[in-house]
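Data block below; observations after.
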There are 2 protein chains.
Amino acid sequence: MKISEKLQQAHKKLLNTSNPEPTKPTFSFEFFVPKTSQGVQNLYDRMDRMYDLNPQFIDITWNAGGRLSTLTNEMVATAQLVLGLETCMHLTCTNMPVSFIDTALQSAYDAGCQNILALRGDPPVDGSESTGDFQYATDLIKHIRKHYGDYFNIGVAAYPEGHPEDDDVDLLITYLKQKYDCGASFIVTQMFYDVEKFIAWCANVRAAGIDIPIIPGIMPISTWGSFMRRAKWCEINIPDYFLEQLEPIQDDDQAVREVGTDLVAEMCRKMVDSGYVNHLHFYTMNLEKATTMVLEKLNLLGPPSLESTPQPESAVSTPSTTNKLPWRKSLNPNRTNETIRPIFWQNRKHSYVIRTANWDEFPNGRWGDSRSPAFGDVDFHSGQTLLRQTSAKALEMWGLPQSPADLAEVFVDYLNGGIPSFPWSDGALSNEINIIRPQLVAMNRKGVFSVNSQPSVNGAPSNNSIFGWGPANGFVYQKQYLEFFIHKDHLASVIGKIRAANGDDEDAGFNVLTYYAVNVEGELQTNAKEDEIHAVTWGIFPGQEVVQPTIVEQTSFLAWKDEAFQIVNEWANALKLEKRKQLKKMDSETEGDEAVDLDRFDTSVQLLDQFQKDYVLCNVVDHDFVHGNDRIFSLFSDIQ
Amino acid sequence: MKISEKLQQAHKKLLNTSNPEPTKPTFSFEFFVPKTSQGVQNLYDRMDRMYDLNPQFIDITWNAGGRLSTLTNEMVATAQLVLGLETCMHLTCTNMPVSFIDTALQSAYDAGCQNILALRGDPPVDGSESTGDFQYATDLIKHIRKHYGDYFNIGVAAYPEGHPEDDDVDLLITYLKQKYDCGASFIVTQMFYDVEKFIAWCANVRAAGIDIPIIPGIMPISTWGSFMRRAKWCEINIPDYFLEQLEPIQDDDQAVREVGTDLVAEMCRKMVDSGYVNHLHFYTMNLEKATTMVLEKLNLLGPPSLESTPQPESAVSTPSTTNKLPWRKSLNPNRTNETIRPIFWQNRKHSYVIRTANWDEFPNGRWGDSRSPAFGDVDFHSGQTLLRQTSAKALEMWGLPQSPADLAEVFVDYLNGGIPSFPWSDGALSNEINIIRPQLVAMNRKGVFSVNSQPSVNGAPSNNSIFGWGPANGFVYQKQYLEFFIHKDHLASVIGKIRAANGDDEDAGFNVLTYYAVNVEGELQTNAKEDEIHAVTWGIFPGQEVVQPTIVEQTSFLAWKDEAFQIVNEWANALKLEKRKQLKKMDSETEGDEAVDLDRFDTSVQLLDQFQKDYVLCNVVDHDFVHGNDRIFSLFSDIQ
């Protein structure tokens, strides 16, 4: 969706909801492209968390040329498609052939991204003339408008205090007017701290007949050093009262951040009060804390304001029934009708979205309407694997388990929050697991390894802090779900207990407990019929049909099985790689008694290889969501 | 669905469910075509009730020529499409041009009826030779097989004790073998009471190489007179022990029926024990009691056997999710995907099915998938009107209300079960109304006239005797729904109370109470958005997606509005007609002080005419199904 429309909608909605502060601003975050794959992965996790702060959009900066500009494209696509964040892609135009630009624009288009920040780009570092097909940002704006018409919202940069290369502010407004005349949709400013100067500049912009939104770029203050360095780099004025308050406490990082937060928040309030601004753009520097502190100080966070600001919407208008689901909606226009997903990828949305990227249509409310869709292979760019961690990080987080008991401790450690990420899960566990954590820990200590789970919920209010989702005044429900790896020798005991729990109903097909169990070879055991589809999460809301966003069924479970076992394989490969790295290191150093450690690598790899042969991936749904959460865990009572 | 397949499935399922009595027979009912429209209406109501006994199918007899054969077609279509009863159409072939037969077959085909009982037909009453294109039932069988291939199951008649025109039993078996060779699918026998003779005959049938199901025709015993008359008419043998037990009590109807039930049930048991029979076909004579008594005696009724026998299924195989819904599923093959209907026609399925007969596709699980379908006009055959009662019956049941207070008493009388049918409702109220009856009576006495309602249900087990539907081990839910006519002067008060109940959420669109109110002119007031769809009945079951069979939304409500007001109009017209009939009667008699009564007609007509001008049709949904049933009724607290 276009940023200009999004802001219009948001502020209209804020006005409509009898808001006591009609001038409450919206906000957005800017992220830059990290240098490493692991950095990208970490940033995705951070962006994912910051989604919950409810920004109107995010920016991804441009990195001209080579691997990093591909990464810009990839990050825009991931933010847009997987994370469900409305995204603005930065794009510079100098020192680049037009074919580069066209590829980048097409990639943004394909991801459903409708916002480009059109930049000139820095001149070559060696002081030579700019090369490439374009010389000015206006060239790029014209190019985009020529080839894409109105499809993109085009943002342009502005410099309220002058440009490092040119401090003639009036001339800069003339340039800005040229960009406006070429079709710019909104303005994002350079960082600044002199709010009076900014307000005066806004008046000049408006006086020049430029009537598009002015979005101030805000740089929160983290430390004295970074504050001074950036201000100097951008050649901006620091008002005296900033220095007076910050300089005396410059060695106390904590104090600088707190005072800085007050100063920046005060600056934001003045801008909003001036009437020129109703949206704040934060240069996060890929950090969370400083920006969040400013937003908190401005009282722009928390449930009340979350409730009254609009949910992200896709470029194509969607029916109100699909506004908000318990999983993050992709902003790909092809996926606007997607309201249902299998539970197996609940903690791995990246691979789910990538696997299903080529589906022509998404089932609308019922999985059965689009039976047995063809799951694609997972094809990550930039050398990412299903493990989504570097081998070094995998070793650091999950160690070298030497036995099933060691392995169990990795699972338990993840359940207890000791490690932030897990082979089968993109990030940390959700809070809802607290209810069943003791049972999960106990089963893992028995060598039944839990991969995914949710407790049963019998009609929690939709604004419940743990289980709630969807609009107000609704009720949400879950059936208890448990997915685990179990040793093949223990499977018969569990299935026997499932049969006993179902009793006579098992023959009639009305099972209280249904299960699917499959080994790496794809040999399936189940008490469900082939075409059965089990709804496991659903919600009842005013003004809507029933929403059932999560299901369990056979076709997708078999697709997930391949991924779940492949992850074990990649984990083993990561440890092999780390072993080779250790060997190389040892070759270059003196040998010692570290040889023992290498054996430990071999044992771990062997353990994981044997795991794939001996363990069965199994899931169980308890269809009696009305009566508690213990039936599933009692299935393991005979296992020692 | 074909009867042969249906029986096969049913008995397979009975065997599968570890039934203690694997030889438990299934059963079916035969109805004949009544002579009057009101008779047809009454029979529909009866068939509707007898559906709950769970027959495998019903037969509709054939009435050669003229209006009545059209009625056979119409009744087959209604049973099949509206009542959801698997139907077998009788068809005779003599004394009829082949074009008649083709029309009848096409009509059955169009209704999704897959079963024809192919009969020769009685010879002309005057003793002359049969005319028409066909002479024997075999001609008809060949004709059907030639033109429809395997589409139809073809039943044929058989006479275990000989035919009135021909008592050579061996020759009759030869004829039966000829019908079998032409492609007959099952045999239905003439009535009989001599079970030993029947069993011997079965042995002969099997010996002749006829291996299709033998379905005995059973005539329950209602009174001594009808018992003797029918036996004599069919020239069948009455075993001595029947006469010995019945003759002494022949004047005591009650005793005859009870003893007769024992005798017939005993006869059925013997047939089943013989192994030749696993299905019983009852000649109901359009009556309910005698057949039900035999079924009770045989222990074939009640929840346990209902649970273990299969639900009706359509000709095209349907996913398991749609096996059973709270409303009766149409057996039209085009409607196999229909899993959702607006609540407005909850008590008027006839007109709903007819209005939607030409829809190309039915929404599958979500109404939103097939938005704003075009509702057709209601076009009843045979002079039936929306009122679905003759004017005489309307007068008899609903009298001559002289004032709104009188009108209220008609509504209250219906709520209390005092009258069996109601202008806006096909039959009697369902039991679920008991929970809110006092509130409904109170609101009607205030002049707010209730048309349709359901209490809220928060997760009743799916086998609950009042609210349950769908397969075992599920949970069913309802939002409270109330539809009513209210005087336009009182509407603002009700809407004000709705706004107050919604509070601030009304602006945000998250209403706990949503309403639609529309007058005869189509002027709509609502607090819902145009495209909102409110699920009001849903169920959660093992092995299924969420099922939401009933919804409330604007497009269908506006279509229903036309019908709801037109019914008032037709009621007034019925009273006008009855007045004319009274006038005619008075003309032919002596005049007296009965003139007063005619004024009463005029007052009633005027009342109903004014009603259409002054009243608004309104519905309210309470989306908080978790917390009780009183919020809706408190909306009327300010009305005296």
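All residue names refer to the structure tokens as shown: chains lettered A, B, ... in order, residues numbered from 1 in each chain, ligands numbered from 1 in order.
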
Q.
Could you pull out the strand (DSSP E or B) residues of range 35-242 of chain B, going by DSSP on the backbone, and write them as a PyMOL selection string?
A. chain B and resi 57-60+87-92+115-119+153-158+163+166+186-191+214-218

Surrounding residues of Asn204 in chain B excluding itself and chain neighbours under 3 positions, 10 Å, only C-alpha atoms, as a CSV table (one decimal) with all heavy atoms, in the first residue's frame:
chain,number,residue,atom,x,y,z
B,160,PRO,N,-45.6,-61.9,-3.8
B,160,PRO,CA,-45.3,-63.2,-3.1
B,160,PRO,C,-46.5,-64.1,-3.1
B,160,PRO,O,-46.3,-65.3,-3.0
B,160,PRO,CB,-44.8,-62.8,-1.7
B,160,PRO,CG,-44.4,-61.4,-1.8
B,160,PRO,CD,-45.3,-60.7,-2.9
B,169,VAL,N,-47.9,-68.3,-9.1
B,169,VAL,CA,-46.7,-67.7,-8.5
B,169,VAL,C,-45.4,-68.0,-9.3
B,169,VAL,O,-44.5,-67.2,-9.4
B,169,VAL,CB,-46.6,-68.2,-7.0
B,169,VAL,CG1,-45.3,-67.7,-6.4
B,169,VAL,CG2,-47.8,-67.7,-6.2
B,170,ASP,N,-45.3,-69.2,-9.8
B,170,ASP,CA,-44.1,-69.6,-10.6
B,170,ASP,C,-44.0,-68.7,-11.8
B,170,ASP,O,-42.9,-68.2,-12.1
B,170,ASP,CB,-44.2,-71.1,-11.0
B,170,ASP,CG,-44.0,-72.0,-9.8
B,170,ASP,OD1,-43.5,-71.5,-8.8
B,170,ASP,OD2,-44.4,-73.1,-9.9
B,173,ILE,N,-42.7,-65.4,-11.0
B,173,ILE,CA,-41.3,-65.4,-10.8
B,173,ILE,C,-40.6,-65.3,-12.1
B,173,ILE,O,-39.5,-64.6,-12.2
B,173,ILE,CB,-40.8,-66.5,-9.9
B,173,ILE,CG1,-41.2,-66.3,-8.4
B,173,ILE,CG2,-39.3,-66.7,-10.0
B,173,ILE,CD1,-40.7,-67.2,-7.4
B,198,PHE,N,-44.0,-65.9,2.5
B,198,PHE,CA,-43.1,-64.9,1.9
B,198,PHE,C,-41.7,-65.5,1.9
B,198,PHE,O,-40.9,-65.4,0.9
B,198,PHE,CB,-43.1,-63.6,2.8
B,198,PHE,CG,-42.0,-62.7,2.5
B,198,PHE,CD1,-42.0,-61.9,1.3
B,198,PHE,CD2,-40.9,-62.6,3.3
B,198,PHE,CE1,-40.9,-61.0,1.1
B,198,PHE,CE2,-39.8,-61.8,3.1
B,198,PHE,CZ,-39.8,-61.0,1.9
B,199,ILE,N,-41.3,-66.2,3.0
B,199,ILE,CA,-39.9,-66.7,3.1
B,199,ILE,C,-39.7,-67.8,2.0
B,199,ILE,O,-38.7,-67.9,1.4
B,199,ILE,CB,-39.6,-67.2,4.5
B,199,ILE,CG1,-39.6,-66.0,5.5
B,199,ILE,CG2,-38.3,-68.1,4.6
B,199,ILE,CD1,-39.5,-66.4,7.0
B,200,ALA,N,-40.7,-68.6,1.9
B,200,ALA,CA,-40.7,-69.7,0.8
B,200,ALA,C,-40.5,-69.0,-0.6
B,200,ALA,O,-39.7,-69.5,-1.4
B,200,ALA,CB,-41.9,-70.5,0.9
B,201,TRP,N,-41.3,-68.0,-0.8
B,201,TRP,CA,-41.2,-67.3,-2.0
B,201,TRP,C,-39.8,-66.7,-2.3
B,201,TRP,O,-39.3,-66.7,-3.4
B,201,TRP,CB,-42.3,-66.2,-2.0
B,201,TRP,CG,-42.2,-65.3,-3.3
B,201,TRP,CD1,-42.8,-65.5,-4.5
B,201,TRP,CD2,-41.6,-64.0,-3.3
B,201,TRP,NE1,-42.5,-64.5,-5.3
B,201,TRP,CE2,-41.8,-63.5,-4.7
B,201,TRP,CE3,-41.0,-63.1,-2.4
B,201,TRP,CZ2,-41.4,-62.2,-5.1
B,201,TRP,CZ3,-40.5,-61.9,-2.9
B,201,TRP,CH2,-40.7,-61.5,-4.2
B,207,ALA,N,-33.6,-68.9,-6.0
B,207,ALA,CA,-33.3,-70.1,-6.8
B,207,ALA,C,-33.4,-69.7,-8.3
B,207,ALA,O,-32.7,-70.4,-9.1
B,207,ALA,CB,-34.3,-71.2,-6.5
B,208,ALA,N,-34.2,-68.7,-8.6
B,208,ALA,CA,-34.4,-68.3,-10.1
B,208,ALA,C,-33.2,-67.5,-10.5
B,208,ALA,O,-33.2,-67.0,-11.7
B,208,ALA,CB,-35.7,-67.6,-10.2
B,209,GLY,N,-32.2,-67.3,-9.6
B,209,GLY,CA,-31.0,-66.5,-10.0
B,209,GLY,C,-31.2,-65.0,-9.9
B,209,GLY,O,-30.4,-64.2,-10.4
B,210,ILE,N,-32.2,-64.6,-9.2
B,210,ILE,CA,-32.5,-63.1,-9.0
B,210,ILE,C,-31.8,-62.7,-7.7
B,210,ILE,O,-32.2,-63.1,-6.6
B,210,ILE,CB,-34.0,-62.8,-8.9
B,210,ILE,CG1,-34.7,-63.3,-10.2
B,210,ILE,CG2,-34.2,-61.3,-8.7
B,210,ILE,CD1,-36.2,-63.4,-10.1

With a distance threshold of 6 Å and counting only C-alpha atoms, extract the residues of chain A near chain B and express them as a PDB file with N, CA and C atoms, in the first residue's frame.
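Output file result.pdb follows:
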ATOM      1  N   ALA A 472     -11.908  -6.383  18.465  1.00  0.00           N
ATOM      2  CA  ALA A 472     -12.454  -6.396  19.826  1.00  0.00           C
ATOM      3  C   ALA A 472     -13.786  -7.121  19.895  1.00  0.00           C
ATOM      4  N   PHE A 510     -15.004 -40.620  14.902  1.00  0.00           N
ATOM      5  CA  PHE A 510     -15.198 -39.385  15.666  1.00  0.00           C
ATOM      6  C   PHE A 510     -14.151 -39.333  16.777  1.00  0.00           C
ATOM      7  N   GLU A 532      -9.315 -35.469   5.734  1.00  0.00           N
ATOM      8  CA  GLU A 532      -9.737 -34.715   6.913  1.00  0.00           C
ATOM      9  C   GLU A 532      -8.902 -33.455   7.116  1.00  0.00           C
ATOM     10  N   ILE A 533      -9.563 -32.423   7.553  1.00  0.00           N
ATOM     11  CA  ILE A 533      -8.875 -31.167   7.859  1.00  0.00           C
ATOM     12  C   ILE A 533      -9.300 -30.764   9.263  1.00  0.00           C
ATOM     13  N   HIS A 534      -8.324 -30.578  10.143  1.00  0.00           N
ATOM     14  CA  HIS A 534      -8.621 -30.316  11.541  1.00  0.00           C
ATOM     15  C   HIS A 534      -8.371 -28.845  11.851  1.00  0.00           C
ATOM     16  N   ALA A 535      -9.411 -28.110  12.117  1.00  0.00           N
ATOM     17  CA  ALA A 535      -9.233 -26.719  12.543  1.00  0.00           C
ATOM     18  C   ALA A 535      -8.675 -26.721  13.959  1.00  0.00           C
ATOM     19  N   PRO A 542     -17.802 -10.126  16.122  1.00  0.00           N
ATOM     20  CA  PRO A 542     -18.950  -9.402  15.580  1.00  0.00           C
ATOM     21  C   PRO A 542     -18.694  -9.052  14.111  1.00  0.00           C
ATOM     22  N   GLY A 543     -19.739  -9.125  13.317  1.00  0.00           N
ATOM     23  CA  GLY A 543     -19.627  -8.651  11.937  1.00  0.00           C
ATOM     24  C   GLY A 543     -18.757  -9.490  11.046  1.00  0.00           C
ATOM     25  N   GLN A 544     -18.519 -10.732  11.411  1.00  0.00           N
ATOM     26  CA  GLN A 544     -17.678 -11.574  10.578  1.00  0.00           C
ATOM     27  C   GLN A 544     -18.228 -12.990  10.503  1.00  0.00           C
ATOM     28  N   GLU A 545     -17.790 -13.670   9.431  1.00  0.00           N
ATOM     29  CA  GLU A 545     -17.960 -15.105   9.442  1.00  0.00           C
ATOM     30  C   GLU A 545     -16.932 -15.681  10.410  1.00  0.00           C
ATOM     31  N   HIS A 623      -9.226 -32.846  20.318  1.00  0.00           N
ATOM     32  CA  HIS A 623     -10.384 -32.096  19.813  1.00  0.00           C
ATOM     33  C   HIS A 623     -11.324 -31.617  20.915  1.00  0.00           C
TER      34      HIS A 623
END

Q: Compile the contact shell of Val195 in chain B as a PyMOL selection string: residues with an atom at most 9 Å away, counting only C-alpha atoms, same-chain residues fewer than 5 positions apart removed.
A: chain B and resi 200+239+267-268+270-271

Restricted to C-alpha atoms, what would the selected residues look like written as a PDB file, in the first residue's frame?
ATOM      1  CA  ALA B 200     -40.654 -69.660   0.828  1.00  0.00           C
ATOM      2  CA  PRO B 239     -52.833 -66.208   8.685  1.00  0.00           C
ATOM      3  CA  MET B 267     -43.622 -60.760  11.221  1.00  0.00           C
ATOM      4  CA  CYS B 268     -40.782 -58.274  10.525  1.00  0.00           C
ATOM      5  CA  LYS B 270     -39.091 -63.368  11.295  1.00  0.00           C
ATOM      6  CA  MET B 271     -38.304 -61.909   7.877  1.00  0.00           C
TER       7      MET B 271
END

Q) Among range 198-327 of chain B, which residues carry a DSSP assignment of alpha helix (DSSP H), reported as a PyMOL selection string? A) chain B and resi 198-207+224-233+240-246+253-274+289-297+303-308

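The residue set within 8 Å of range 414-428 of chain A, counting only C-alpha atoms and dropping same-chain residues fewer than 4 places from it, reads Asp45, Asn347, Arg348, Lys349, Leu387, Arg388, Met397, Trp398, Val410, Arg437, Leu440, Val441, Val451, Ala564, Ile567, Val568 and Trp571 of chain A.
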
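Taking CA of Lys179 in chain B and CA of Pro164 in chain B as endpoints, the distance between them is 18.9 Å.
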
**Q.** Atomic separation - CA of Phe636 in chain A relative to CA of Ala500 in chain A, Å
**A.** 13.2 Å

Q.
Need to verify the contact set: Ile214 in chain A, 7 Å, only C-alpha atoms, exclusion of same-chain residues closer than 2 positions in sequence. Can you return it as an NGL selection string?
A. :A and (186-188 or 212 or 216 or 277)

Q) What separation in Å, quoted to one decimal, exists between CA of Val256 in chain B and CA of Thr223 in chain B? A) 6.1 Å

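You can rank A:Met219, A:Val82, A:Ala77, A:Leu287 by their closest distance to Arg46 in chain A using only C-alpha atoms, and at the top of that list sits A:Leu287.
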
Q.
For Met191 in chain A, find every residue with an atom within 9 Å (counting only C-alpha atoms), except residues of its own chain fewer than 3 positions away, and show them as number ranges by chain.
A. A: 159-160, 216-219, 231, 234, 236, 283

Just the selected residues (N, CA, C and O atoms), exported as a tab-separated table (two decimals), in the first residue's frame, please.
chain	number	residue	atom	x	y	z
A	159	TYR	N	16.71	18.48	3.02
A	159	TYR	CA	17.77	18.86	3.96
A	159	TYR	C	17.42	20.19	4.60
A	159	TYR	O	17.80	21.25	4.11
A	160	PRO	N	16.69	20.17	5.73
A	160	PRO	CA	16.24	21.42	6.37
A	160	PRO	C	17.40	22.33	6.76
A	160	PRO	O	17.22	23.53	6.87
A	216	PRO	N	9.64	14.12	9.10
A	216	PRO	CA	10.95	14.42	9.66
A	216	PRO	C	11.70	13.13	10.01
A	216	PRO	O	11.11	12.19	10.54
A	217	GLY	N	12.99	13.11	9.69
A	217	GLY	CA	13.83	11.98	10.09
A	217	GLY	C	14.40	12.24	11.46
A	217	GLY	O	15.07	13.24	11.68
A	218	ILE	N	14.13	11.33	12.40
A	218	ILE	CA	14.52	11.54	13.80
A	218	ILE	C	15.64	10.57	14.15
A	218	ILE	O	15.49	9.37	13.99
A	219	MET	N	16.74	11.09	14.68
A	219	MET	CA	17.81	10.22	15.14
A	219	MET	C	17.81	10.20	16.67
A	219	MET	O	18.22	11.18	17.30
A	231	ALA	N	26.02	13.98	14.13
A	231	ALA	CA	25.69	15.39	13.88
A	231	ALA	C	26.78	16.05	13.05
A	231	ALA	O	26.51	16.81	12.12
A	234	CYS	N	26.72	14.82	9.37
A	234	CYS	CA	25.65	15.42	8.57
A	234	CYS	C	25.74	16.95	8.55
A	234	CYS	O	24.91	17.60	7.94
A	236	ILE	N	25.00	19.15	10.81
A	236	ILE	CA	23.79	19.81	11.30
A	236	ILE	C	24.08	20.55	12.58
A	236	ILE	O	25.05	20.26	13.28
A	283	TYR	N	15.37	6.95	12.48
A	283	TYR	CA	16.57	6.25	12.05
A	283	TYR	C	16.98	5.32	13.18
A	283	TYR	O	17.61	5.75	14.15

Q: Using only C-alpha atoms, determine which residues lie at most 8 Å from range 631-633 of chain B, disregarding the query and same-chain residues fewer than 5 positions distant; provide the list as JSON, numbers by chain.
A: {"B": [439, 443, 482, 620, 622]}

Expected file: the selected residues, C-alpha atoms, as a PDB file, in the first residue's frame:
ATOM      1  CA  GLN B 439     -39.275 -13.231  27.120  1.00  0.00           C
ATOM      2  CA  MET B 443     -42.295  -8.759  23.953  1.00  0.00           C
ATOM      3  CA  LEU B 482     -34.095 -12.094  17.290  1.00  0.00           C
ATOM      4  CA  VAL B 620     -30.664  -8.112  16.155  1.00  0.00           C
ATOM      5  CA  ASP B 622     -25.989 -10.478  20.170  1.00  0.00           C
TER       6      ASP B 622
END
